[in-house]
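Structure data (TSV, C-alpha atoms) from input-v8.tsv:
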```
chain	number	residue	atom	x	y	z
A	1	MET	CA	111.52	87.63	122.20
A	2	VAL	CA	110.56	88.31	118.62
A	3	LYS	CA	111.20	91.70	117.06
A	4	PHE	CA	109.48	93.60	114.25
A	5	GLU	CA	111.70	95.85	112.17
A	6	ILE	CA	110.73	98.12	109.29
A	7	CYS	CA	112.84	97.53	106.16
A	8	GLU	CA	114.89	100.73	106.06
A	9	SER	CA	117.99	99.62	104.16
A	10	THR	CA	119.10	97.25	101.41
A	11	GLY	CA	120.14	94.71	104.02
A	12	TYR	CA	116.60	94.50	105.41
A	13	TRP	CA	115.09	94.30	101.94
A	14	CYS	CA	117.46	91.47	101.03
A	15	LYS	CA	116.30	89.50	104.08
A	16	TYR	CA	112.67	90.30	103.33
A	17	THR	CA	113.03	89.22	99.69
A	18	ALA	CA	114.87	85.99	100.49
A	19	PHE	CA	112.24	84.98	103.06
A	20	TYR	CA	109.34	85.93	100.78
A	21	VAL	CA	110.75	84.01	97.81
A	22	GLU	CA	111.46	80.96	99.97
A	23	HIS	CA	107.95	80.85	101.45
A	24	ARG	CA	105.94	82.27	98.54
A	25	GLN	CA	104.24	78.99	97.69
A	26	ARG	CA	103.20	78.46	101.28
A	27	ILE	CA	101.39	81.80	101.08
A	28	ILE	CA	99.89	81.22	97.64
A	29	PRO	CA	100.25	77.77	96.08
A	30	GLY	CA	102.09	77.95	92.76
A	31	TYR	CA	103.13	81.58	93.26
A	32	GLN	CA	105.93	82.40	90.82
A	33	VAL	CA	109.27	83.95	91.76
A	34	LYS	CA	108.81	86.80	89.29
A	35	HIS	CA	105.50	87.77	90.89
A	36	ALA	CA	107.08	87.77	94.36
A	37	LEU	CA	109.89	90.02	93.07
A	38	ALA	CA	107.37	92.38	91.46
A	39	ASP	CA	105.56	92.54	94.82
A	40	VAL	CA	108.82	93.54	96.53
A	41	LYS	CA	109.42	96.24	93.94
A	42	HIS	CA	105.92	97.70	94.37
A	43	CYS	CA	106.22	97.53	98.14
A	44	MET	CA	109.51	99.43	98.10
A	45	ARG	CA	108.38	102.08	95.65
A	46	ASN	CA	104.85	102.60	96.92
A	47	GLY	CA	104.76	101.45	100.51
A	48	SER	CA	106.82	99.73	103.13
A	49	ALA	CA	107.47	96.35	104.74
A	50	ALA	CA	108.64	94.80	107.97
A	51	ILE	CA	110.49	91.67	108.96
A	52	LEU	CA	109.99	89.68	112.13
A	53	THR	CA	113.14	88.20	113.67
A	54	ASN	CA	113.74	85.79	116.54
A	55	GLU	CA	116.39	85.79	119.28
A	56	GLN	CA	118.99	84.43	116.85
A	57	ASN	CA	118.22	87.31	114.47
A	58	GLN	CA	116.75	84.89	111.94
A	59	VAL	CA	113.86	86.15	109.85
A	60	ILE	CA	110.70	84.30	110.89
A	61	GLY	CA	108.04	86.46	109.30
A	62	ILE	CA	107.28	89.28	106.90
A	63	GLY	CA	104.52	91.73	106.10
A	64	GLY	CA	104.12	94.76	103.87
A	65	PHE	CA	101.76	97.17	102.16
A	66	VAL	CA	101.45	99.59	99.27
A	67	LEU	CA	99.64	102.91	99.12
A	68	GLY	CA	97.33	102.98	96.09
A	69	LEU	CA	95.98	100.32	93.82
A	70	GLU	CA	98.27	98.66	91.30
A	71	LYS	CA	95.57	98.78	88.60
A	72	ASP	CA	95.46	102.60	88.96
A	73	GLY	CA	99.23	103.05	88.93
A	74	PHE	CA	99.30	103.47	92.73
A	75	ASN	CA	97.87	106.96	92.35
A	76	ASN	CA	95.27	107.01	95.11
A	77	LYS	CA	97.45	107.12	98.20
A	78	ASN	CA	94.43	107.24	100.50
A	79	ILE	CA	93.97	103.51	100.16
A	80	ALA	CA	96.51	101.15	101.72
A	81	VAL	CA	96.62	97.58	100.44
A	82	LEU	CA	98.28	94.95	102.60
A	83	GLY	CA	100.58	92.56	100.79
A	84	ASN	CA	101.32	88.92	101.38
A	85	SER	CA	102.44	88.21	104.90
A	86	TYR	CA	103.82	85.02	106.37
A	87	PHE	CA	105.08	83.79	109.72
A	88	ALA	CA	107.02	80.58	110.31
A	89	GLU	CA	104.70	78.01	111.82
A	90	GLU	CA	106.20	77.89	115.31
A	91	TYR	CA	105.71	81.66	115.67
A	92	ARG	CA	102.19	81.70	114.30
A	93	SER	CA	99.56	83.07	116.63
A	94	ASN	CA	96.85	85.68	116.40
A	95	ARG	CA	98.76	87.83	118.84
A	96	THR	CA	101.96	87.85	116.77
A	97	PHE	CA	100.01	88.33	113.56
A	98	ILE	CA	98.11	91.31	114.91
A	99	ARG	CA	101.26	92.82	116.40
A	100	GLY	CA	102.69	92.63	112.90
A	101	LEU	CA	99.61	94.35	111.50
A	102	GLN	CA	100.02	97.02	114.16
A	103	VAL	CA	103.57	97.78	112.99
A	104	LEU	CA	102.25	98.13	109.45
A	105	ALA	CA	99.34	100.31	110.62
A	106	GLU	CA	101.81	102.70	112.25
A	107	LYS	CA	103.93	102.84	109.12
A	108	ILE	CA	100.87	103.47	106.93
A	109	GLY	CA	99.94	106.43	109.12
A	110	GLU	CA	103.51	107.68	108.99
A	111	LEU	CA	103.72	107.56	105.20
A	112	ASN	CA	100.35	109.18	104.66
A	113	GLY	CA	98.28	110.68	107.42
A	114	ASP	CA	95.32	110.91	105.07
A	115	VAL	CA	94.84	107.20	104.48
A	116	ARG	CA	91.15	106.41	104.85
A	117	GLU	CA	90.84	102.75	103.94
A	118	VAL	CA	92.84	99.57	104.32
A	119	ARG	CA	92.22	96.73	101.88
A	120	ILE	CA	93.40	93.22	102.51
A	121	PRO	CA	93.35	90.68	99.71
A	122	THR	CA	93.72	87.05	100.68
A	123	SER	CA	93.31	83.74	98.94
A	124	ALA	CA	89.72	82.53	99.26
A	125	GLY	CA	91.09	79.15	100.26
A	126	ASN	CA	93.07	80.40	103.25
A	127	ALA	CA	90.78	79.69	106.20
A	128	TYR	CA	93.16	81.24	108.77
A	129	THR	CA	93.52	84.69	107.20
A	130	ASN	CA	89.87	84.85	106.12
A	131	GLY	CA	88.80	84.02	109.67
A	132	LEU	CA	91.13	86.65	111.12
A	133	TYR	CA	90.25	89.45	108.70
A	134	ARG	CA	86.53	88.86	109.17
A	135	LYS	CA	87.00	89.90	112.80
A	136	PHE	CA	87.66	93.52	111.87
A	137	ALA	CA	87.01	94.01	108.15
A	138	GLU	CA	84.21	93.49	105.71
A	139	MET	CA	84.58	91.33	102.63
A	140	THR	CA	83.72	93.69	99.78
A	141	ASP	CA	84.75	91.80	96.67
A	142	THR	CA	86.11	88.56	95.27
A	143	ALA	CA	88.56	88.82	92.40
A	144	GLU	CA	89.63	86.09	90.02
A	145	THR	CA	93.42	85.84	89.76
A	146	PRO	CA	95.79	83.40	88.05
A	147	TYR	CA	96.11	81.81	91.49
A	148	GLY	CA	92.40	81.34	92.05
A	149	PRO	CA	89.78	83.55	93.71
A	150	PHE	CA	90.92	86.16	96.22
A	151	HIS	CA	88.63	87.79	98.75
A	152	ILE	CA	89.16	91.51	99.29
A	153	TYR	CA	88.49	92.78	102.81
A	154	SER	CA	88.08	96.46	103.55
A	155	VAL	CA	88.19	98.45	106.77
A	156	GLY	CA	88.51	102.13	107.65
A	157	TYR	CA	92.05	103.07	108.65
A	158	ASP	CA	91.07	104.21	112.14
A	159	ALA	CA	89.14	101.00	112.84
A	160	PHE	CA	92.09	98.98	111.53
A	161	ALA	CA	94.59	100.83	113.70
A	162	SER	CA	92.31	100.55	116.71
A	163	PHE	CA	91.89	96.79	116.27
A	164	CYS	CA	95.65	96.28	115.85
A	165	GLY	CA	96.33	98.49	118.87
A	166	ARG	CA	94.69	96.03	121.24
A	167	PHE	CA	97.93	94.03	121.38
A	168	ARG	CA	100.14	97.03	121.88
A	169	GLN	CA	102.96	96.14	124.27
A	170	SER	CA	102.93	97.96	127.59
A	171	GLY	CA	105.21	100.96	127.60
A	172	GLN	CA	104.90	101.38	123.86
A	173	ALA	CA	103.69	104.84	123.07
A	174	GLY	CA	102.30	106.61	120.11
A	175	GLY	CA	99.23	106.54	117.98
A	176	CYS	CA	99.25	105.45	114.41
A	177	ARG	CA	99.01	108.97	113.13
A	178	GLN	CA	101.42	110.55	115.57
A	179	SER	CA	104.32	110.85	113.21
A	180	ILE	CA	102.73	112.06	110.04
A	181	LYS	CA	105.11	112.63	107.21
A	182	THR	CA	104.31	112.92	103.55
A	183	THR	CA	106.89	111.45	101.26
A	184	LYS	CA	107.21	112.10	97.59
A	185	ARG	CA	107.20	108.78	95.86
A	186	LYS	CA	107.94	108.07	92.28
A	187	ASN	CA	105.50	106.10	90.26
A	188	GLY	CA	106.29	104.13	87.15
A	189	GLU	CA	109.54	102.71	86.05
A	190	MET	CA	112.63	104.65	86.99
A	191	PRO	CA	115.73	103.49	85.14
A	192	HIS	CA	118.20	103.39	87.97
A	193	GLU	CA	116.80	104.47	91.30
B	194	MET	CA	134.95	75.86	87.13
B	195	ILE	CA	131.50	77.40	86.97
B	196	GLN	CA	128.70	75.58	85.18
B	197	TRP	CA	126.17	78.02	83.75
B	198	SER	CA	122.52	77.28	83.07
B	199	ILE	CA	119.40	79.30	82.42
B	200	ALA	CA	117.22	79.33	85.52
B	201	GLU	CA	114.15	77.85	83.87
B	202	SER	CA	112.44	76.13	86.77
B	203	GLU	CA	110.93	77.89	89.77
B	204	ALA	CA	113.38	76.05	92.04
B	205	GLU	CA	116.38	77.33	90.04
B	206	ARG	CA	115.00	80.86	90.01
B	207	GLU	CA	114.45	80.68	93.76
B	208	GLU	CA	118.05	79.54	94.30
B	209	GLY	CA	119.34	82.32	92.06
B	210	VAL	CA	117.32	85.02	93.77
B	211	LYS	CA	118.31	83.82	97.24
B	212	PHE	CA	121.95	83.98	96.15
B	213	VAL	CA	121.45	87.57	94.96
B	214	CYS	CA	119.77	88.41	98.29
B	215	GLN	CA	122.62	86.82	100.24
B	216	HIS	CA	125.07	89.13	98.47
B	217	GLY	CA	122.63	92.00	97.99
B	218	GLU	CA	124.75	94.59	99.76
B	219	GLY	CA	127.87	93.72	97.79
B	220	LEU	CA	126.65	93.46	94.23
B	221	GLY	CA	128.61	96.54	93.21
B	222	LEU	CA	125.51	98.24	91.85
B	223	LEU	CA	124.47	101.74	92.71
B	224	TYR	CA	120.81	100.96	92.09
B	225	ASN	CA	118.10	100.86	94.66
B	226	TRP	CA	117.03	97.29	95.54
B	227	SER	CA	113.69	97.86	93.80
B	228	THR	CA	115.57	98.42	90.53
B	229	VAL	CA	117.42	95.14	91.08
B	230	MET	CA	114.03	93.45	91.58
B	231	ASN	CA	112.77	95.02	88.36
B	232	SER	CA	115.81	93.82	86.43
B	233	LEU	CA	115.39	90.27	87.71
B	234	VAL	CA	111.68	90.20	86.80
B	235	TYR	CA	112.44	91.27	83.24
B	236	ALA	CA	115.40	88.90	82.98
B	237	ILE	CA	113.25	85.97	84.13
B	238	GLU	CA	110.56	86.89	81.61
B	239	ASP	CA	113.17	87.00	78.82
B	240	ASN	CA	114.79	83.74	79.89
B	241	GLY	CA	117.90	85.74	80.70
B	242	PHE	CA	118.32	84.85	84.37
B	243	ILE	CA	121.36	82.57	84.34
B	244	ILE	CA	122.86	80.88	87.35
B	245	GLY	CA	126.39	79.55	87.78
B	246	THR	CA	127.15	76.61	90.08
B	247	ASP	CA	130.50	75.38	91.35
B	248	ASP	CA	131.89	71.84	91.32
B	249	GLU	CA	129.92	70.96	94.47
B	250	GLY	CA	126.68	72.24	92.99
B	251	GLY	CA	126.59	75.37	95.15
B	252	MET	CA	125.64	78.76	93.80
B	253	ALA	CA	128.70	80.68	92.59
B	254	ALA	CA	127.47	83.35	90.19
B	255	VAL	CA	124.50	84.92	88.45
B	256	LEU	CA	124.02	86.82	85.23
B	257	ALA	CA	120.80	88.66	84.38
B	258	HIS	CA	120.10	90.08	80.95
B	259	THR	CA	117.10	91.23	78.98
B	260	ALA	CA	116.23	91.22	75.31
B	261	GLY	CA	116.05	94.95	74.68
B	262	THR	CA	117.21	97.84	76.80
B	263	LEU	CA	115.64	100.30	79.17
B	264	GLU	CA	116.77	103.13	76.86
B	265	ASP	CA	113.96	102.56	74.37
B	266	GLY	CA	111.52	100.75	76.64
B	267	TYR	CA	112.71	97.31	75.47
B	268	LYS	CA	111.42	97.87	71.91
B	269	ASP	CA	114.55	96.72	70.09
B	270	PRO	CA	115.35	93.07	70.92
B	271	GLY	CA	118.53	93.35	68.85
B	272	ARG	CA	120.18	95.08	71.79
B	273	VAL	CA	120.71	92.91	74.84
B	274	GLU	CA	121.22	94.60	78.21
B	275	VAL	CA	123.22	92.87	80.93
B	276	HIS	CA	121.78	94.10	84.23
B	277	LEU	CA	123.79	92.04	86.67
B	278	LEU	CA	126.88	89.86	86.68
B	279	TYR	CA	128.06	88.70	90.08
B	280	PHE	CA	130.55	86.09	91.25
B	281	ASN	CA	130.98	85.08	94.87
B	282	GLU	CA	134.40	85.75	96.35
B	283	ARG	CA	135.80	82.27	95.65
B	284	HIS	CA	135.18	82.58	91.93
B	285	ARG	CA	136.40	86.03	91.05
B	286	GLY	CA	139.07	86.49	88.44
B	287	GLY	CA	139.83	86.46	84.76
B	288	ALA	CA	138.98	82.81	84.17
B	289	SER	CA	135.48	83.15	85.64
B	290	MET	CA	134.83	86.34	83.68
B	291	LEU	CA	136.02	84.68	80.48
B	292	GLY	CA	133.78	81.70	81.18
B	293	ALA	CA	130.79	84.01	81.66
B	294	LEU	CA	131.56	85.84	78.42
B	295	ARG	CA	131.85	82.58	76.50
B	296	MET	CA	128.58	81.33	77.94
B	297	LEU	CA	126.77	84.56	77.06
B	298	VAL	CA	128.15	84.69	73.52
B	299	GLN	CA	127.25	81.07	72.93
B	300	LYS	CA	123.73	81.69	74.20
B	301	LEU	CA	123.27	84.76	72.00
B	302	VAL	CA	124.66	83.04	68.93
B	303	GLU	CA	122.40	80.04	69.43
B	304	SER	CA	119.29	82.09	70.21
B	305	GLN	CA	116.73	82.94	67.56
B	306	MET	CA	117.04	86.63	68.35
B	307	GLU	CA	118.99	88.77	65.93
B	308	VAL	CA	121.29	90.36	68.47
B	309	ARG	CA	123.49	93.21	67.24
B	310	GLU	CA	124.83	94.63	70.44
B	311	VAL	CA	125.29	93.97	74.14
B	312	VAL	CA	125.04	96.94	76.48
B	313	PHE	CA	125.41	97.51	80.19
B	314	PHE	CA	125.68	100.21	82.83
B	315	ALA	CA	128.46	100.32	85.43
B	316	PRO	CA	129.39	102.81	88.13
B	317	ALA	CA	131.64	105.49	86.62
B	318	THR	CA	134.91	104.62	88.33
B	319	ASP	CA	138.48	104.57	87.02
B	320	GLY	CA	138.70	100.86	87.86
B	321	ASN	CA	135.59	100.00	85.85
B	322	ARG	CA	136.69	102.15	82.93
B	323	SER	CA	140.04	100.42	82.84
B	324	LEU	CA	138.44	96.95	83.14
B	325	PHE	CA	135.51	97.33	80.76
B	326	GLY	CA	137.36	99.60	78.33
B	327	LYS	CA	139.36	96.58	77.15
B	328	LEU	CA	136.26	95.09	75.59
B	329	ALA	CA	133.44	97.63	75.48
B	330	THR	CA	132.99	101.17	74.22
B	331	LEU	CA	132.06	103.79	76.77
B	332	THR	CA	129.18	105.42	74.93
B	333	LYS	CA	127.85	107.90	77.46
B	334	THR	CA	127.78	108.82	81.12
B	335	THR	CA	124.45	109.35	82.87
B	336	GLU	CA	123.47	110.68	86.25
B	337	PRO	CA	120.28	108.99	87.44
B	338	PRO	CA	119.14	109.41	91.08
B	339	CYS	CA	121.38	106.55	92.24
B	340	GLY	CA	124.69	108.08	91.12
B	341	VAL	CA	126.95	108.43	88.09
B	342	LEU	CA	126.80	105.53	85.64
B	343	ASP	CA	128.74	104.80	82.48
B	344	PHE	CA	126.92	103.16	79.60
B	345	TYR	CA	128.96	100.66	77.62
B	346	THR	CA	128.19	99.00	74.29
B	347	ILE	CA	129.79	96.01	72.57
B	348	PRO	CA	128.89	95.03	68.99
B	349	LEU	CA	128.17	91.33	68.76
B	350	GLY	CA	130.97	90.96	66.20
B	351	ARG	CA	133.50	92.00	68.81
B	352	LEU	CA	132.12	89.44	71.24
B	353	LEU	CA	132.30	86.59	68.75
B	354	ARG	CA	135.98	86.07	69.46
B	355	PHE	CA	134.82	84.63	72.78
B	356	ASP	CA	132.56	82.10	71.09
B	357	PRO	CA	134.09	78.76	72.10
B	358	TYR	CA	132.88	77.13	68.90
B	359	GLN	CA	134.00	79.79	66.48
B	360	ARG	CA	137.57	80.72	65.72
B	361	LEU	CA	137.71	83.71	63.43
```

Would you kindly transcribe this structure into structure tokens?
Amino acid sequence: MVKFEICESTGYWCKYTAFYVEHRQRIIPGYQVKHALADVKHCMRNGSAAILTNEQNQVIGIGGFVLGLEKDGFNNKNIAVLGNSYFAEEYRSNRTFIRGLQVLAEKIGELNGDVREVRIPTSAGNAYTNGLYRKFAEMTDTAETPYGPFHIYSVGYDAFASFCGRFRQSGQAGGCRQSIKTTKRKNGEMPHE
Amino acid sequence: MIQWSIAESEAEREEGVKFVCQHGEGLGLLYNWSTVMNSLVYAIEDNGFIIGTDDEGGMAAVLAHTAGTLEDGYKDPGRVEVHLLYFNERHRGGASMLGALRMLVQKLVESQMEVREVVFFAPATDGNRSLFGKLATLTKTTEPPCGVLDFYTIPLGRLLRFDPYQRL
């Protein structure tokens, strides 16, 4: 049985970072270590992340998001942007992937109950993620990046949460916005947080 | 004996970061993990992410420094800030520390930067003050959100006695 856990402590973030750095170039070919580390930093300071573990407690997948757009200094917290996610091949299935998205959807609602939109950037060359995101989101833009073109998908938060909820495990309760909590988050560089 | 080298390739940087992650809860830093990430990004950009390997080629230590310090937004490259120095348990002790110092001094002397001073933060404990006070000057104590930190400075001239190629 695989398990999704939100990164709540340094130990979780260490596992998340190690897995992300190890698999970064399977997510985006040529992706540099420093960019993966910057992603982790943004995710911690402006969002959240989760790890997926197997029966042996090994990390087999990750996913995360930020609230706000990096180009605007993460100021608009009503937009959630999903970060790079990755599952080890033997655990890859739409069901697992969407269960992971569901965990993130719940956390987005918890961090900010006013989130209206979820954006999902993905490499234009990744047929799997593009095919999946097209099922519930609309491609609104294509951005040029140092790693080639990226498609940006957009979907309303409620529609996103509803789509992810279809694979909710029986007995699991709670809507995405049930536990609404606003957290004060620091933007910009803090010397020693 | 630790062999030090700048992590220049992506593979070396990956190894170094995975080592830091493996020991992430025992680095002895008070900082939030996101601050550690920030330090490593800047160190990589400044070619200051240095990995130490043991005789079998396994990871044994890391040192991360930047050209410039957080104090002035990295404007003055004459001040080098060491953000992280970590040895795994097997390689702790005076000899490893001395080796790291020698490596750093040699790197700074050979670099094209005009370095005047090396600075670093450390948790404000009696043990740290006793250890670092032998070499560095405790310049100030700060209280950021993560806890109480001492700020140490060392003029390059004082470090030169650790330069393996220079006997003053």

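The residue that comes closest to Glu5 in chain A, out of A:Arg99, A:Asp72, A:Ala38, A:Leu82 and on the basis of all atoms listed in the file, is A:Arg99.
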
* To do: Have a look at CA of Leu324 in chain B and CA of Glu282 in chain B and let me know their distance in Å, one decimal.
  =>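 If I compute the distance from CA of Leu324 in chain B to CA of Glu282 in chain B, I get 17.8 Å.
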
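One finds CA of Asn240 in chain B at 14.8 Å from CA of Val302 in chain B.
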
* Structure fact -> Shortest contact to chain A, candidates B:Thr330, B:Thr335, B:Thr259, B:Thr346, atoms counted all atoms listed in the file, goes to B:Thr335

* Asked: Nearest to chain A among B:Leu278, B:Leu342, B:Val298, B:Ala317, with distances taken over only C-alpha atoms: which residue is it?
  ->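 Nearest to chain A: B:Leu342.
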
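Note that the spacing between CA of Arg26 in chain A and CA of Ile79 in chain A amounts to 26.7 Å.
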
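Taking all atoms listed in the file into account, Phe74 in chain A lies nearest to A:Cys43 out of the set A:Ala18, A:Cys43, A:Ile152, A:Ala137.
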
* Please return, as a PyMOL selection string, all residues of chain A lying within 10 Å of chain B when only C-alpha atoms are considered. => chain A and resi 9-22+24+30-45+189-193

Any chance you can output those residues with C-alpha atoms as a compact mmCIF listing (two decimals), keeping the file's coordinate frame?
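Written file, result.txt:
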```
# COMPACT_ATOMS: atom_id res chain seq x y z
CA SER A 9 117.99 99.62 104.16
CA THR A 10 119.10 97.25 101.41
CA GLY A 11 120.14 94.71 104.02
CA TYR A 12 116.60 94.50 105.41
CA TRP A 13 115.09 94.30 101.94
CA CYS A 14 117.46 91.47 101.03
CA LYS A 15 116.30 89.50 104.08
CA TYR A 16 112.67 90.30 103.33
CA THR A 17 113.03 89.22 99.69
CA ALA A 18 114.87 85.99 100.49
CA PHE A 19 112.24 84.98 103.06
CA TYR A 20 109.34 85.93 100.78
CA VAL A 21 110.75 84.01 97.81
CA GLU A 22 111.46 80.96 99.97
CA ARG A 24 105.94 82.27 98.54
CA GLY A 30 102.09 77.95 92.76
CA TYR A 31 103.13 81.58 93.26
CA GLN A 32 105.93 82.40 90.82
CA VAL A 33 109.27 83.95 91.76
CA LYS A 34 108.81 86.80 89.29
CA HIS A 35 105.50 87.77 90.89
CA ALA A 36 107.08 87.77 94.36
CA LEU A 37 109.89 90.02 93.07
CA ALA A 38 107.37 92.38 91.46
CA ASP A 39 105.56 92.54 94.82
CA VAL A 40 108.82 93.54 96.53
CA LYS A 41 109.42 96.24 93.94
CA HIS A 42 105.92 97.70 94.37
CA CYS A 43 106.22 97.53 98.14
CA MET A 44 109.51 99.43 98.10
CA ARG A 45 108.38 102.08 95.65
CA GLU A 189 109.54 102.71 86.05
CA MET A 190 112.63 104.65 86.99
CA PRO A 191 115.73 103.49 85.14
CA HIS A 192 118.20 103.39 87.97
CA GLU A 193 116.80 104.47 91.30
```

* How would you write as an NGL selection string the residues that get within 10 Å of (98.3, 92.2, 114.4) in the file's frame, counting only C-alpha atoms? -> :A and (93-105 or 132 or 160-161 or 163-168)

* **Residue among A:Asp141, A:Glu8, A:Glu117, A:Asp158 lying closest to Val81 in chain A, counting all atoms listed in the file** => A:Glu117

* Have a look at A:Tyr91, A:Ile28, A:Ser85, A:Lys77 and name the one nearest to Ile60 in chain A; count all atoms listed in the file. =>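 Smallest distance to Ile60 in chain A is found for A:Tyr91.
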
* Please work out which residues fall within 9 Å of (85.8, 95.2, 111.8), coordinates as given in the file, with only C-alpha atoms counting, and return them as a list in words. =>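 Checking each residue against the 9 Å limit leaves Tyr133, Arg134, Lys135, Phe136, Ala137, Glu138, Ser154, Val155, Gly156, Ala159, Phe160 and Phe163 of chain A.
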
* Asked: If you count all atoms listed in the file, which residues fall within 10 Å of Thr122 in chain A, apart from same-chain ones fewer than 2 positions away, as a count of residues only?
  -> 23

Could you list, as a short mmCIF file (atom, residue, chain, number, x, y, z; two decimals) with C-alpha atoms, in the coordinates of the input, every residue within 10 Å of Leu352 in chain B, counting all atoms listed in the file and ignoring same-chain residues fewer than 5 positions away?
```
data_model
loop_
_atom_site.label_atom_id
_atom_site.label_comp_id
_atom_site.auth_asym_id
_atom_site.auth_seq_id
_atom_site.Cartn_x
_atom_site.Cartn_y
_atom_site.Cartn_z
CA LEU B 294 131.56 85.84 78.42
CA ARG B 295 131.85 82.58 76.50
CA LEU B 297 126.77 84.56 77.06
CA VAL B 298 128.15 84.69 73.52
CA GLN B 299 127.25 81.07 72.93
CA GLU B 310 124.83 94.63 70.44
CA VAL B 311 125.29 93.97 74.14
CA LEU B 328 136.26 95.09 75.59
CA ALA B 329 133.44 97.63 75.48
CA ILE B 347 129.79 96.01 72.57
#
```

Given 8 Å on each side, where is the centre and what are the edge lengths in Å to one decimal of the axis-aligned box enclosing the listed atoms of range 87-106 of chain A, as lines of an AutoDock Vina configuration file?
```
center_x = 101.9
center_y = 90.3
center_z = 114.1
size_x = 26.2
size_y = 40.8
size_z = 25.4
```
